[in-house]
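Participant: I have a structure I would like to understand better, so I am pasting it below and will then ask my questions one at a time.
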Amino acid sequence: MAQEVKNVYWEDVEVGQDLPEKSRAIDTTLIVSGAIWASHDFMPVHHARDFAQEKGAPDVFMNILTSNGLMAAYLEQWAGSEAELKKMNIGLQVPNFPTAGNKMAMNARITKKYEESGDHLIELDISGDNNLGPHIVGTAVMALPTKG
Amino acid sequence: MGKENDRIKPFSGPPEETLDYSKLEGFIGKSSPFHEPHDEVTRSDIRHWCEVMQDPNPMYTDEEYAKKSKYGGIIAPPAMVQTWSLDDMHDALQRFVHGNQPFKEDPHNQLFDVLDSEGYNGVVATAQEQTYLRPIKPGDVIRGKITLARVSKYDHFTRQGIGRYVDILYTFVNQHDEEICVESFRVLKYKPPMDTRRLYEG
C-alpha cells in the first residue's frame, strides 16, 4: 500500500532555515528495544539496571546507535522518502536516561547548501536535548531531490 | 621574592603515570580481518528498526513503493549499518559481563584486554561519524573490520570517572566487496565504579 509522501526539494530550502522541532519520550521501553530489538546491541548497560548501576550510572541509558537512529529518522521524516542521508557525525554528552517525563527534543538548522558529484546537498547542525542538557550535538549531510 | 615565595603553595606534583603507554601503542594502526555477520540483512531487521525509530519512510518497508524508486526495492535505513556487525547475545555477555572478548586476536580487542586488566573496564561510546557510500538491501551480507586509530596517552577526568579514549575506524563492505560505510567511533574506557548518580540528579 503506497503511502502519500511529501518531499522537500533542494531548491526550496535555504541556509539558516530551522527544521521544526520534534520530541521523543525517553523511557525504558525505547532504550531497551532500541538497543536489542533495533540495533542488536546487547551491552547490558542498555538493558539491565543493576549492571548499569555497577558501572556507575543511575539507570540504563540509550546506546549510541539508537541516538543516531532517532536523529537520522527525524531528518529523513522532514526531508521525505527521496532524500538520501550521506553522513551523520555525532558526539554524545549527557546520556538519555529513562527518568519520569524525560524526552529528547530534536532540532536541526541548515548551514550549507551545495552541489557535489551530481548530488544536491545540504549540511545541517543537529542537536538532541533531554532533561539534563545536550545529549547529541553534531552535523549531518543529506542529498535532496530537485524539481528539475 | 624570598618571603613571598613562602606564601605561594606549590602545585601538586606531576600526575603519576597510571598505565604504561608502551603496552598500548603496539596496537595502533593495526586492523582486524573482516568478520562475517551473525545474519544477512532481512526485511524484519529493517522493520524492527523503523518501528523503534518511528520511521514511516516507505523506501524501507513498502515494497510496492520502493520498486518504483531508483533502488528497485526496499533498502535499509543507512544508520542501521552497524547492526549486523555487533556481537550476538552470547558474545556480548561474555565480553561485557565476563571480560572474555570474542576475536581475541583482533588488535582492538587485545587493547581492550590490556585496559580491562588495568582497571579501565567500563566502556561508553562518546562519538561516531558515519559516511554512507552505498545502499543496504535485504539479502546483503555486511562484513566489518576495525582499525585501531588512537588511544589517549594520559588519563582523562570525565563524568564517568578516570578513563582513556579509544578511536577506532570501521569499514563496512557488502558481499560484492563494495564499501557501504566508513565510520569513526570513539569510546571511553573508564574505571568504575564511580557513582555518578549525584551528577545527574535534577
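By convention in this document, the chains of the C-alpha cells carry letters A, B, ... by their order, each chain's residues are numbered from 1, and ligands are numbered from 1 in the order they are shown.
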Could you produce a table of the residues of chain A lying within 9 Å of chain B, with the nearest pair of atoms per residue and their separation in Å rounded to one decimal, using only C-alpha atoms, ordered by chain and increasing residue number, as CSV?
Facilitator:
residue,atom,partner,partner_atom,distance
A:Met1,CA,B:Glu64,CA,7.0
A:Ala2,CA,B:Tyr65,CA,5.4
A:Gln3,CA,B:Pro58,CA,6.8
A:Val5,CA,B:Asn57,CA,8.2
A:Leu30,CA,B:Val52,CA,6.9
A:Ser33,CA,B:Val52,CA,6.8
A:Gly34,CA,B:Val52,CA,6.1
A:Trp37,CA,B:His48,CA,6.3
A:Ala38,CA,B:Trp49,CA,4.3
A:Ser39,CA,B:Thr83,CA,4.8
A:His40,CA,B:Thr83,CA,5.7
A:Asp41,CA,B:Leu86,CA,6.4
A:Phe42,CA,B:Ala92,CA,5.7
A:Met43,CA,B:Ala92,CA,6.2
A:Pro44,CA,B:Phe96,CA,7.4
A:Phe51,CA,B:Val97,CA,8.6
A:Gln53,CA,B:Asp195,CA,7.7
A:Glu54,CA,B:Pro193,CA,6.1
A:Lys55,CA,B:Pro193,CA,5.2
A:Gly56,CA,B:Asp195,CA,4.4
A:Ala57,CA,B:Thr196,CA,5.8
A:Pro58,CA,B:Arg197,CA,4.8
A:Asp59,CA,B:Arg197,CA,8.6
A:Asn63,CA,B:Ala125,CA,7.8
A:Ile64,CA,B:Ala125,CA,6.5
A:Leu65,CA,B:Ala79,CA,7.6
A:Thr66,CA,B:Met53,CA,7.8
A:Asn68,CA,B:Ala79,CA,7.0
A:Gly69,CA,B:Ala79,CA,5.8
A:Leu70,CA,B:Met53,CA,5.5
A:Met71,CA,B:Met53,CA,8.9
A:Ala72,CA,B:Ala79,CA,6.9
A:Ala73,CA,B:Asp55,CA,5.6
A:Tyr74,CA,B:Asp55,CA,8.0
A:Glu76,CA,B:Asn57,CA,7.7
A:Gln77,CA,B:Asp55,CA,6.9
A:Gly80,CA,B:Asn57,CA,7.3
A:Ser81,CA,B:Asn57,CA,5.6
A:Glu82,CA,B:Met59,CA,8.2
A:Glu84,CA,B:Pro78,CA,8.8
A:Leu85,CA,B:Pro78,CA,7.1
A:Lys86,CA,B:Tyr132,CA,5.1
A:Lys87,CA,B:Thr131,CA,4.4
A:Met88,CA,B:Gln130,CA,5.3
A:Asn89,CA,B:Glu129,CA,4.0
A:Ile90,CA,B:Gln128,CA,5.5
A:Gly91,CA,B:Ala127,CA,4.1
A:Leu92,CA,B:Thr126,CA,5.0
A:Gln93,CA,B:Thr126,CA,7.3
A:Val94,CA,B:Tyr200,CA,8.4
A:Asn131,CA,B:Gly202,CA,8.2
A:Leu132,CA,B:Tyr200,CA,7.1
Participant: If we count only C-alpha atoms and set the cut-off at 7 Å, which residues sit around range 24-33 of chain B, ignoring sequence neighbours fewer than 4 positions away in its own chain? Please answer as a PyMOL selection string.
Facilitator: chain B and resi 106-107+111+145-150
Participant: Figure out the distance between CA of Ile74 in chain B and CA of Tyr9 in chain A, please, to one decimal in Å.
Facilitator: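 Pair CA of Tyr9 in chain A / CA of Ile74 in chain B returns 21.7 Å.
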Participant: Grab the CA of Arg49 in chain A to CA of His135 in chain A distance for me, in Å with one decimal place.
Facilitator: 19.7 Å
Participant: Given only C-alpha atoms as the basis, pick out the residue of A:Asn7, A:Ala79, A:Pro95, A:Val60 nearest to Gly128 in chain A.
Facilitator: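 Ranked by minimum distance to Gly128 in chain A, first place goes to A:Pro95.
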Participant: Grab the CA of Ala35 in chain A to CA of Glu179 in chain B distance for me, in Å with one decimal place.
Facilitator: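 So the two atoms, CA of Ala35 in chain A and CA of Glu179 in chain B, lie 24.8 Å apart.
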Participant: Skip Ile26 in chain A itself and residues of its chain fewer than 2 positions away, then list as a compact mmCIF listing (two decimals) with N, CA and C atoms, in the first residue's frame all residues within 7 Å of it, counting only C-alpha atoms.
Facilitator:
# COMPACT_ATOMS: atom_id res chain seq x y z
N ARG A 24 10.83 13.14 21.37
CA ARG A 24 10.56 11.73 21.58
C ARG A 24 10.69 11.43 23.06
N LEU A 30 11.84 2.29 25.16
CA LEU A 30 12.57 2.78 23.98
C LEU A 30 14.06 2.44 24.09
N ASN A 96 20.90 9.65 27.69
CA ASN A 96 19.44 9.58 27.73
C ASN A 96 19.05 8.52 28.76
N PRO A 98 16.03 6.93 31.45
CA PRO A 98 14.56 6.82 31.44
C PRO A 98 13.90 7.50 32.64
N ASN A 102 11.00 12.24 30.95
CA ASN A 102 12.12 12.67 30.11
C ASN A 102 11.75 12.58 28.63
N LYS A 103 12.25 13.53 27.87
CA LYS A 103 12.10 13.45 26.42
C LYS A 103 13.31 14.08 25.77
N MET A 104 13.53 13.73 24.51
CA MET A 104 14.62 14.34 23.75
C MET A 104 14.00 15.23 22.68
Participant: Could you name the residues that touch Leu19 in chain A at 9 Å or less, counting only C-alpha atoms, but leaving out those on the same chain fewer than 5 positions away, as a ChimeraX atom specification?
Facilitator: /A:75,78,107-110
Participant: I need the chosen residues saved as a PDB file, in the first residue's frame, with C-alpha atoms.
Facilitator:
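Once written, selection_28.pdb looks like this:
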ATOM      1  CA  LEU A  75      15.939  14.311   9.444  1.00  0.00           C
ATOM      2  CA  TRP A  78      11.345  16.038   7.436  1.00  0.00           C
ATOM      3  CA  ASN A 107      16.394  20.236  16.242  1.00  0.00           C
ATOM      4  CA  ALA A 108      18.346  20.984  13.091  1.00  0.00           C
ATOM      5  CA  ARG A 109      19.441  24.035  11.143  1.00  0.00           C
ATOM      6  CA  ILE A 110      20.652  24.107   7.547  1.00  0.00           C
TER       7      ILE A 110
END
Participant: Enumerate the residues of range 30-178 of chain B with a DSSP assignment of strand (DSSP E or B), computed from the backbone, and present them as a PyMOL selection string.
Facilitator: chain B and resi 31+35+122-132+143-151+156-158+161-173
Participant: Suppose we keep N, CA and C atoms; can you now write the selection as a compact mmCIF listing (two decimals), in the first residue's frame?
Facilitator:
# COMPACT_ATOMS: atom_id res chain seq x y z
N SER B 31 44.76 -3.54 12.05
CA SER B 31 43.36 -3.83 11.71
C SER B 31 43.00 -5.27 12.00
N HIS B 35 35.04 -9.52 9.54
CA HIS B 35 34.29 -10.59 10.20
C HIS B 35 32.92 -10.76 9.55
N GLY B 122 35.09 -0.18 32.36
CA GLY B 122 33.81 0.38 31.93
C GLY B 122 33.97 0.88 30.51
N VAL B 123 32.90 0.87 29.75
CA VAL B 123 33.01 1.37 28.37
C VAL B 123 31.76 2.13 28.02
N VAL B 124 31.95 3.27 27.37
CA VAL B 124 30.80 4.03 26.89
C VAL B 124 31.19 4.71 25.58
N ALA B 125 30.29 4.66 24.61
CA ALA B 125 30.55 5.31 23.32
C ALA B 125 30.32 6.80 23.49
N THR B 126 31.20 7.60 22.91
CA THR B 126 31.04 9.05 23.07
C THR B 126 30.87 9.80 21.75
N ALA B 127 31.25 9.22 20.65
CA ALA B 127 31.10 9.93 19.37
C ALA B 127 31.18 8.94 18.21
N GLN B 128 30.51 9.27 17.13
CA GLN B 128 30.70 8.48 15.92
C GLN B 128 30.40 9.33 14.70
N GLU B 129 31.11 9.02 13.62
CA GLU B 129 30.83 9.67 12.34
C GLU B 129 30.70 8.58 11.30
N GLN B 130 29.54 8.53 10.67
CA GLN B 130 29.31 7.52 9.63
C GLN B 130 29.13 8.23 8.29
N THR B 131 29.87 7.77 7.29
CA THR B 131 29.68 8.26 5.92
C THR B 131 29.09 7.11 5.11
N TYR B 132 27.91 7.35 4.55
CA TYR B 132 27.18 6.29 3.87
C TYR B 132 27.50 6.34 2.37
N ARG B 143 29.93 -7.16 6.08
CA ARG B 143 31.09 -7.53 6.89
C ARG B 143 31.80 -6.26 7.34
N GLY B 144 32.38 -6.31 8.52
CA GLY B 144 33.06 -5.13 9.05
C GLY B 144 34.45 -5.47 9.53
N LYS B 145 35.36 -4.52 9.35
CA LYS B 145 36.67 -4.65 10.00
C LYS B 145 36.94 -3.41 10.82
N ILE B 146 37.79 -3.56 11.81
CA ILE B 146 38.07 -2.48 12.75
C ILE B 146 39.56 -2.19 12.76
N THR B 147 39.88 -0.91 12.58
CA THR B 147 41.27 -0.46 12.68
C THR B 147 41.40 0.39 13.93
N LEU B 148 42.43 0.14 14.69
CA LEU B 148 42.65 0.91 15.90
C LEU B 148 43.42 2.17 15.54
N ALA B 149 42.81 3.33 15.75
CA ALA B 149 43.42 4.56 15.27
C ALA B 149 44.23 5.29 16.34
N ARG B 150 43.73 5.28 17.57
CA ARG B 150 44.37 6.15 18.57
C ARG B 150 43.88 5.79 19.96
N VAL B 151 44.72 6.00 20.94
CA VAL B 151 44.29 5.85 22.34
C VAL B 151 44.96 6.94 23.15
N HIS B 156 42.00 10.84 31.29
CA HIS B 156 41.05 11.94 31.23
C HIS B 156 40.15 11.85 32.44
N PHE B 157 39.79 13.01 32.97
CA PHE B 157 38.87 13.03 34.10
C PHE B 157 37.50 13.41 33.56
N THR B 158 36.59 12.45 33.56
CA THR B 158 35.30 12.65 32.89
C THR B 158 34.17 12.43 33.90
N GLY B 161 34.25 9.05 35.23
CA GLY B 161 35.39 8.70 36.06
C GLY B 161 36.67 8.88 35.25
N ILE B 162 37.73 8.25 35.71
CA ILE B 162 39.03 8.36 35.04
C ILE B 162 39.05 7.39 33.87
N GLY B 163 39.46 7.85 32.71
CA GLY B 163 39.43 6.93 31.58
C GLY B 163 40.35 7.31 30.44
N ARG B 164 40.36 6.45 29.45
CA ARG B 164 41.13 6.65 28.23
C ARG B 164 40.18 6.59 27.04
N TYR B 165 40.33 7.52 26.14
CA TYR B 165 39.56 7.47 24.90
C TYR B 165 40.25 6.56 23.89
N VAL B 166 39.45 5.83 23.16
CA VAL B 166 39.97 4.97 22.11
C VAL B 166 39.22 5.29 20.82
N ASP B 167 39.95 5.62 19.78
CA ASP B 167 39.34 5.89 18.47
C ASP B 167 39.53 4.69 17.57
N ILE B 168 38.43 4.17 17.05
CA ILE B 168 38.54 3.07 16.10
C ILE B 168 37.84 3.44 14.81
N LEU B 169 38.31 2.84 13.72
CA LEU B 169 37.73 3.09 12.40
C LEU B 169 37.09 1.80 11.91
N TYR B 170 35.86 1.91 11.49
CA TYR B 170 35.18 0.76 10.91
C TYR B 170 35.15 0.91 9.39
N THR B 171 35.26 -0.20 8.71
CA THR B 171 34.99 -0.24 7.27
C THR B 171 33.96 -1.34 7.07
N PHE B 172 32.84 -0.99 6.46
CA PHE B 172 31.80 -1.98 6.20
C PHE B 172 31.70 -2.23 4.70
N VAL B 173 31.70 -3.50 4.31
CA VAL B 173 31.55 -3.86 2.90
C VAL B 173 30.41 -4.86 2.76
Participant: What parts of range 97-156 of chain B does DSSP call helix (DSSP H, G or I)? I'd like the answer as a PyMOL selection string.
Facilitator: chain B and resi 107-117
Participant: Restrict the selected residues to N, CA and C atoms and save them as an mmCIF file, in the first residue's frame.
Facilitator:
data_model
loop_
_atom_site.group_PDB
_atom_site.id
_atom_site.type_symbol
_atom_site.label_atom_id
_atom_site.label_comp_id
_atom_site.auth_asym_id
_atom_site.auth_seq_id
_atom_site.Cartn_x
_atom_site.Cartn_y
_atom_site.Cartn_z
ATOM 1 N N PRO B 107 43.310 -6.588 17.051
ATOM 2 C CA PRO B 107 44.098 -5.590 17.793
ATOM 3 C C PRO B 107 43.262 -4.768 18.789
ATOM 4 N N HIS B 108 42.041 -4.367 18.393
ATOM 5 C CA HIS B 108 41.267 -3.542 19.326
ATOM 6 C C HIS B 108 40.850 -4.356 20.552
ATOM 7 N N ASN B 109 40.559 -5.650 20.348
ATOM 8 C CA ASN B 109 40.198 -6.484 21.499
ATOM 9 C C ASN B 109 41.402 -6.731 22.406
ATOM 10 N N GLN B 110 42.574 -6.858 21.804
ATOM 11 C CA GLN B 110 43.782 -7.010 22.622
ATOM 12 C C GLN B 110 44.024 -5.754 23.446
ATOM 13 N N LEU B 111 43.801 -4.599 22.818
ATOM 14 C CA LEU B 111 43.959 -3.337 23.542
ATOM 15 C C LEU B 111 42.931 -3.227 24.667
ATOM 16 N N PHE B 112 41.674 -3.599 24.373
ATOM 17 C CA PHE B 112 40.642 -3.545 25.410
ATOM 18 C C PHE B 112 40.996 -4.486 26.571
ATOM 19 N N ASP B 113 41.606 -5.633 26.239
ATOM 20 C CA ASP B 113 42.035 -6.571 27.283
ATOM 21 C C ASP B 113 43.048 -5.923 28.221
ATOM 22 N N VAL B 114 44.008 -5.209 27.616
ATOM 23 C CA VAL B 114 45.014 -4.534 28.442
ATOM 24 C C VAL B 114 44.328 -3.494 29.328
ATOM 25 N N LEU B 115 43.457 -2.691 28.733
ATOM 26 C CA LEU B 115 42.778 -1.643 29.508
ATOM 27 C C LEU B 115 41.915 -2.264 30.618
ATOM 28 N N ASP B 116 41.208 -3.349 30.292
ATOM 29 C CA ASP B 116 40.385 -4.034 31.304
ATOM 30 C C ASP B 116 41.255 -4.487 32.477
ATOM 31 N N SER B 117 42.400 -5.084 32.145
ATOM 32 C CA SER B 117 43.241 -5.649 33.207
ATOM 33 C C SER B 117 43.860 -4.545 34.058
#
